[in-house]
>>> print(open('query_18.txt').read())   # compact mmCIF, C-alpha atoms and all ligand atoms
# COMPACT_ATOMS: atom_id res chain seq x y z
CA MET A 1 -18.35 5.82 11.34
CA ALA A 2 -19.02 2.63 9.45
CA LEU A 3 -15.38 1.60 9.27
CA SER A 4 -14.90 1.57 13.01
CA GLN A 5 -17.63 -1.06 13.30
CA SER A 6 -15.97 -3.47 10.89
CA ALA A 7 -12.64 -4.13 12.69
CA ARG A 8 -11.20 -5.59 9.52
CA LYS A 9 -7.59 -6.56 9.14
CA VAL A 10 -5.21 -4.59 6.93
CA LEU A 11 -1.77 -5.79 5.92
CA LEU A 12 0.45 -2.74 5.42
CA THR A 13 3.73 -3.10 3.55
CA GLY A 14 6.60 -1.18 2.01
CA THR A 15 8.00 -2.25 -1.34
CA VAL A 16 11.11 -4.35 -1.84
CA SER A 17 13.54 -1.48 -2.57
CA ASP A 18 12.01 1.18 -0.33
CA SER A 19 13.67 1.82 3.03
CA HIS A 20 11.43 4.77 4.07
CA THR A 21 9.52 4.07 7.28
CA TRP A 22 7.62 7.22 8.36
CA ASN A 23 5.11 6.73 5.55
CA LEU A 24 4.35 3.32 7.07
CA VAL A 25 4.15 4.71 10.60
CA PHE A 26 1.77 7.41 9.39
CA LEU A 27 -0.41 4.94 7.47
CA GLU A 28 -0.56 2.54 10.41
CA LEU A 29 -1.87 5.35 12.62
CA PHE A 30 -4.27 6.52 9.93
CA LEU A 31 -5.72 3.04 9.38
CA THR A 32 -5.92 2.35 13.12
CA GLU A 33 -7.88 5.59 13.55
CA GLN A 34 -10.34 4.24 10.97
CA GLY A 35 -10.99 1.33 13.34
CA LEU A 36 -8.99 -1.20 11.35
CA ASP A 37 -6.61 -3.85 12.69
CA VAL A 38 -3.21 -3.22 11.12
CA VAL A 39 -0.33 -5.63 10.60
CA ASN A 40 2.64 -3.48 9.55
CA LEU A 41 5.28 -5.52 7.73
CA GLY A 42 7.67 -2.55 7.57
CA PRO A 43 9.96 -1.52 4.69
CA CYS A 44 11.87 -3.56 2.06
CA VAL A 45 9.44 -6.47 1.88
CA PRO A 46 10.27 -8.96 -0.91
CA GLU A 47 7.36 -10.31 -2.97
CA ASP A 48 7.67 -13.88 -1.67
CA LEU A 49 7.55 -12.67 1.94
CA LEU A 50 4.47 -10.58 1.15
CA VAL A 51 2.73 -13.66 -0.26
CA ARG A 52 3.64 -15.69 2.83
CA ARG A 53 2.36 -12.98 5.18
CA CYS A 54 -0.91 -12.72 3.24
CA ARG A 55 -1.46 -16.44 3.69
CA GLU A 56 -0.52 -16.23 7.37
CA HIS A 57 -2.63 -13.19 8.32
CA THR A 58 -5.58 -13.60 5.89
CA PRO A 59 -6.15 -9.81 5.62
CA ASP A 60 -9.22 -8.11 4.19
CA LEU A 61 -7.04 -5.51 2.48
CA VAL A 62 -3.38 -5.09 1.55
CA VAL A 63 -2.00 -1.53 1.47
CA VAL A 64 1.30 -1.08 -0.38
CA SER A 65 3.22 2.15 0.23
CA SER A 66 6.16 3.42 -1.80
CA VAL A 67 7.80 6.85 -1.74
CA ASN A 68 11.35 6.29 -3.05
CA GLY A 69 10.45 6.70 -6.72
CA HIS A 70 10.53 2.98 -7.64
CA GLY A 71 6.89 2.43 -6.78
CA TYR A 72 5.67 1.73 -10.28
CA ALA A 73 8.24 -1.02 -10.89
CA ASP A 74 8.26 -2.51 -7.39
CA GLY A 75 4.49 -2.22 -7.08
CA LEU A 76 4.00 -3.97 -10.39
CA ALA A 77 6.26 -6.87 -9.37
CA ALA A 78 4.40 -7.20 -6.07
CA ILE A 79 0.92 -7.34 -7.57
CA VAL A 80 1.96 -9.72 -10.37
CA ARG A 81 3.39 -12.07 -7.71
CA LEU A 82 0.29 -11.79 -5.48
CA ARG A 83 -2.20 -12.32 -8.30
CA ALA A 84 -0.27 -15.43 -9.42
CA GLU A 85 -1.52 -17.12 -6.24
CA PRO A 86 -5.06 -18.44 -6.84
CA GLU A 87 -6.18 -17.86 -3.21
CA LEU A 88 -4.99 -14.24 -3.37
CA ALA A 89 -6.55 -13.47 -6.75
CA ASP A 90 -9.55 -11.63 -5.24
CA LEU A 91 -7.86 -10.03 -2.23
CA PRO A 92 -8.31 -6.23 -2.32
CA VAL A 93 -4.89 -4.60 -2.81
CA VAL A 94 -4.12 -0.87 -3.14
CA ILE A 95 -0.91 1.08 -3.63
CA GLY A 96 -0.02 4.71 -3.00
CA GLY A 97 2.60 7.25 -2.08
CA LYS A 98 5.11 8.92 -4.37
CA LEU A 99 5.24 6.24 -7.02
CA GLY A 100 7.47 7.90 -9.61
CA VAL A 101 10.37 10.33 -9.58
CA ASP A 102 8.81 13.25 -11.41
CA GLY A 103 6.20 13.91 -8.76
CA ARG A 104 3.34 13.79 -11.25
CA ASP A 105 0.58 11.30 -11.97
CA ASP A 106 1.38 9.10 -14.92
CA ALA A 107 -1.87 7.82 -16.38
CA ASP A 108 -0.23 5.00 -18.37
CA ARG A 109 1.66 3.63 -15.41
CA VAL A 110 -1.38 3.90 -13.17
CA ALA A 111 -3.39 2.03 -15.82
CA ARG A 112 -0.72 -0.67 -15.95
CA LEU A 113 -0.87 -1.12 -12.16
CA ARG A 114 -4.67 -1.34 -12.31
CA ALA A 115 -4.55 -3.83 -15.19
CA ALA A 116 -2.08 -5.99 -13.25
CA GLY A 117 -4.50 -6.26 -10.36
CA TYR A 118 -4.51 -3.27 -8.00
CA ASP A 119 -8.01 -2.29 -6.91
CA ALA A 120 -6.95 1.33 -6.52
CA VAL A 121 -3.84 3.45 -7.09
CA PHE A 122 -3.29 6.60 -5.00
CA ASP A 123 -0.33 7.94 -6.95
CA ASP A 124 -0.16 11.26 -5.13
CA GLY A 125 -0.95 9.66 -1.78
CA ASP A 126 -4.42 11.23 -1.77
CA LEU A 127 -5.66 10.39 1.73
CA LEU A 128 -9.19 11.74 1.17
CA ALA A 129 -9.64 9.45 -1.83
CA PHE A 130 -8.16 6.61 0.23
CA GLU A 131 -10.61 7.29 3.05
CA ARG A 132 -13.49 7.14 0.57
CA PHE A 133 -12.14 3.83 -0.75
CA LEU A 134 -12.02 2.43 2.82
CA THR A 135 -15.58 3.55 3.48
CA ASP A 136 -16.80 1.83 0.31
CA LEU A 137 -14.87 -1.32 1.21
CA ALA A 138 -16.38 -1.40 4.69
CA ALA A 139 -19.84 -1.40 3.13
CA GLU A 140 -19.04 -4.62 1.26
CA PRO A 141 -19.37 -8.08 2.83
CA SER A 142 -16.08 -9.32 4.30
CA THR A 143 -14.53 -12.32 2.51
CA PRO A 144 -11.05 -12.84 3.95
CA VAL A 145 -8.38 -14.79 2.10
CA GLY A 146 -8.66 -18.55 2.34
CA ARG A 147 -12.27 -18.51 3.54
CA PRO A 148 -15.20 -19.13 1.19
CA ALA A 149 -17.31 -16.11 0.19
C1 LIG B 1 13.17 11.24 5.60
C2 LIG B 1 13.50 10.88 4.16
C3 LIG B 1 14.45 9.89 3.95
C4 LIG B 1 15.11 9.11 5.09
C5 LIG B 1 14.13 7.99 5.51
C6 LIG B 1 14.22 7.71 7.00
C7 LIG B 1 13.11 6.79 7.43
N1 LIG B 1 13.33 6.11 8.53
O1 LIG B 1 12.07 6.69 6.80
C8 LIG B 1 16.39 8.59 4.37
C9 LIG B 1 17.52 9.61 4.54
C10 LIG B 1 16.90 7.22 4.84
C11 LIG B 1 15.94 8.58 2.93
C12 LIG B 1 16.51 7.82 1.95
C13 LIG B 1 16.20 7.93 0.60
N2 LIG B 1 15.35 8.82 0.04
CO1 LIG B 1 14.13 9.91 1.04
N3 LIG B 1 13.11 11.25 1.83
C14 LIG B 1 12.86 11.55 3.07
C15 LIG B 1 11.94 12.77 3.12
C16 LIG B 1 12.79 14.00 3.46
C17 LIG B 1 10.78 12.68 4.11
C18 LIG B 1 9.98 11.38 4.01
C19 LIG B 1 9.08 11.25 5.21
O2 LIG B 1 9.43 10.62 6.20
N4 LIG B 1 7.87 11.86 5.14
C20 LIG B 1 6.88 11.77 6.19
C21 LIG B 1 5.82 10.72 5.78
C22 LIG B 1 4.75 10.65 6.87
O3 LIG B 1 5.22 11.19 4.59
P1 LIG B 1 5.41 10.52 3.15
O4 LIG B 1 6.59 9.61 3.16
O5 LIG B 1 5.35 11.55 2.10
O6 LIG B 1 4.10 9.63 3.04
C23 LIG B 1 2.87 10.31 2.89
C24 LIG B 1 2.24 10.20 1.54
O7 LIG B 1 3.16 9.85 0.54
C25 LIG B 1 1.14 9.22 1.72
N5 LIG B 1 1.35 7.81 1.36
C26 LIG B 1 2.47 7.09 1.40
N6 LIG B 1 2.19 5.84 1.06
C27 LIG B 1 0.87 5.77 0.80
C28 LIG B 1 0.06 4.68 0.42
C29 LIG B 1 -1.32 4.91 0.24
C30 LIG B 1 -2.21 3.78 -0.16
C31 LIG B 1 -1.85 6.22 0.41
C32 LIG B 1 -3.29 6.47 0.20
C33 LIG B 1 -1.02 7.28 0.79
C34 LIG B 1 0.32 7.03 0.98
O8 LIG B 1 0.80 9.20 3.06
C35 LIG B 1 1.89 9.69 3.85
C36 LIG B 1 1.35 10.73 4.81
O9 LIG B 1 0.82 11.83 4.14
C37 LIG B 1 11.38 12.82 1.65
C38 LIG B 1 11.08 14.22 1.10
C39 LIG B 1 9.78 14.74 1.60
N7 LIG B 1 9.81 15.95 2.12
O10 LIG B 1 8.76 14.06 1.52
C40 LIG B 1 12.49 12.14 0.88
C41 LIG B 1 12.15 11.37 -0.39
C42 LIG B 1 10.92 10.49 -0.15
N8 LIG B 1 13.33 10.51 -0.55
C43 LIG B 1 13.67 10.35 -1.79
C44 LIG B 1 14.78 9.57 -2.24
C45 LIG B 1 15.08 9.61 -3.71
C46 LIG B 1 15.53 8.81 -1.34
C47 LIG B 1 16.71 7.93 -1.68
C48 LIG B 1 16.56 7.08 -2.94
C49 LIG B 1 17.94 8.86 -1.73
C50 LIG B 1 19.22 8.18 -2.18
N9 LIG B 1 19.65 8.54 -3.37
O11 LIG B 1 19.76 7.38 -1.47
C51 LIG B 1 16.81 7.05 -0.40
C52 LIG B 1 15.89 5.81 -0.51
C53 LIG B 1 16.63 4.55 -0.36
C54 LIG B 1 15.68 3.39 -0.48
N10 LIG B 1 16.25 2.22 -0.68
O12 LIG B 1 14.47 3.51 -0.41
C55 LIG B 1 12.78 11.13 -2.73
C56 LIG B 1 11.82 10.24 -3.53
C57 LIG B 1 11.67 10.75 -4.95
C58 LIG B 1 10.31 10.59 -5.54
N11 LIG B 1 9.52 9.61 -5.18
O13 LIG B 1 9.95 11.39 -6.36
C59 LIG B 1 12.10 12.16 -1.76
C60 LIG B 1 10.67 12.57 -2.16
C61 LIG B 1 13.01 13.40 -1.70
C62 LIG B 1 13.05 14.15 -3.03
N12 LIG B 1 12.26 15.20 -3.17
O14 LIG B 1 13.75 13.80 -3.91
N13 LIG B 1 14.91 9.46 2.75
>>> encode(input="query_18.txt", output="structure tokens", more="lines below")
Ligand code: B12
Amino acid sequence: MALSQSARKVLLTGTVSDSHTWNLVFLELFLTEQGLDVVNLGPCVPEDLLVRRCREHTPDLVVVSSVNGHGYADGLAAIVRLRAEPELADLPVVIGGKLGVDGRDDADRVARLRAAGYDAVFDDGDLLAFERFLTDLAAEPSTPVGRPA
């Protein structure tokens, strides 16, 4: 498939308060199967560290995963911090998992995450929708962080 030809780099990260790891293991395997190079930062990643790793690895996509119920708050803090960096302003960033504690989509909170800078929000961890997003992204020209378009 198209994605396997692109060999683009994905930075995968848990949120600052989230100690769950199997979600990250699963996503690393899933993304690798799509033909993507994955750098897995693991769980409990503070915003400043995420910014440093983005500069270091110059990914084509950042995937934020949260399942502990603090995803809306932690995810918002992460994207606000990332988008405050001029060179990371256009970097594609998505978030997904179990973002709240009630187990339901919350349109307002999803809208807030999108307005703050996420390119996509997969609140219920919808992997089919995520796969479609990856396919669309692979069709776009690659413009990694720190390199001119
Ligand atoms: C195992 C587990 C733990 C283990 C984690 C061990 C480890 N090394 O990871 C331990 C015991 C440590 C733990 C702790 C806690 N847990 Co826990 N845990 C679970 C449990 C039982 C399974 C999680 C798991 O590993 N699933 C397997 C992985 C592969 O699946 P997943 O995590 O669901 O991820 C999938 C999707 O969400 C999706 N996805 C995830 N991220 C993303 C991102 C994108 C972009 C996309 C597209 C998809 C996606 O893809 C994955 C594969 O399908 C779940 C309940 C459950 N049955 O899901 C609760 C659960 C996640 N835990 C929960 C809670 C509340 C906690 C604690 C806060 C409990 C506490 N009071 O201390 C702490 C968290 C502490 C912290 N600081 O984060 C809640 C979260 C509530 C919510 N979000 O609504 C759950 C849902 C249990 C519940 N029903 O209440 N937990």
>>> residues_near_ligand(input="query_18.txt", ligand="ligand LIG 1 (chain B)", cutoff="8 Å", atoms="only C-alpha atoms and all ligand atoms", output="PyMOL selection string")
chain A and resi 17-27+44+63-71+94-103+121-131
>>> atom_distance(input="query_18.txt", atom1="CA of Asp37 in chain A", atom2="CA of Arg8 in chain A")
5.8 Å
>>> atom_distance(input="query_18.txt", atom1="CA of Ala78 in chain A", atom2="CA of Val62 in chain A")
11.1 Å
>>> atom_distance(input="query_18.txt", atom1="CA of Phe30 in chain A", atom2="CA of Pro59 in chain A")
17.0 Å
>>> closest_residue(input="query_18.txt", among="A:Ala111, A:Leu12, A:Ala89, A:Val80", to="Val45 in chain A", atoms="all atoms listed in the file")
A:Leu12
>>> closest_residue(input="query_18.txt", among="A:Arg132, A:Arg53, A:Arg112, A:Arg83", to="Thr13 in chain A", atoms="all atoms listed in the file")
A:Arg53
>>> residues_around(input="query_18.txt", residues="Val93 in chain A", least_positions_apart="3", cutoff="9 Å", atoms="all atoms listed in the file", output="PyMOL selection string")
chain A and resi 60-64+79+90+117-120
>>> closest_residue(input="query_18.txt", among="A:Leu137, A:Leu113, A:Glu87, A:Thr15", to="Arg55 in chain A", atoms="all atoms listed in the file")
A:Glu87
>>> closest_residue(input="query_18.txt", among="A:Leu91, A:Ala73, A:Leu11, A:Ala84", to="His57 in chain A", atoms="only C-alpha atoms")
A:Leu11
>>> axis_aligned_box(input="query_18.txt", around="range 29-36 of chain A", padding_each_side="6 Å", output="lines of an AutoDock Vina configuration file")
center_x = -6.4
center_y = 2.7
center_z = 11.5
size_x = 21.1
size_y = 19.7
size_z = 16.2
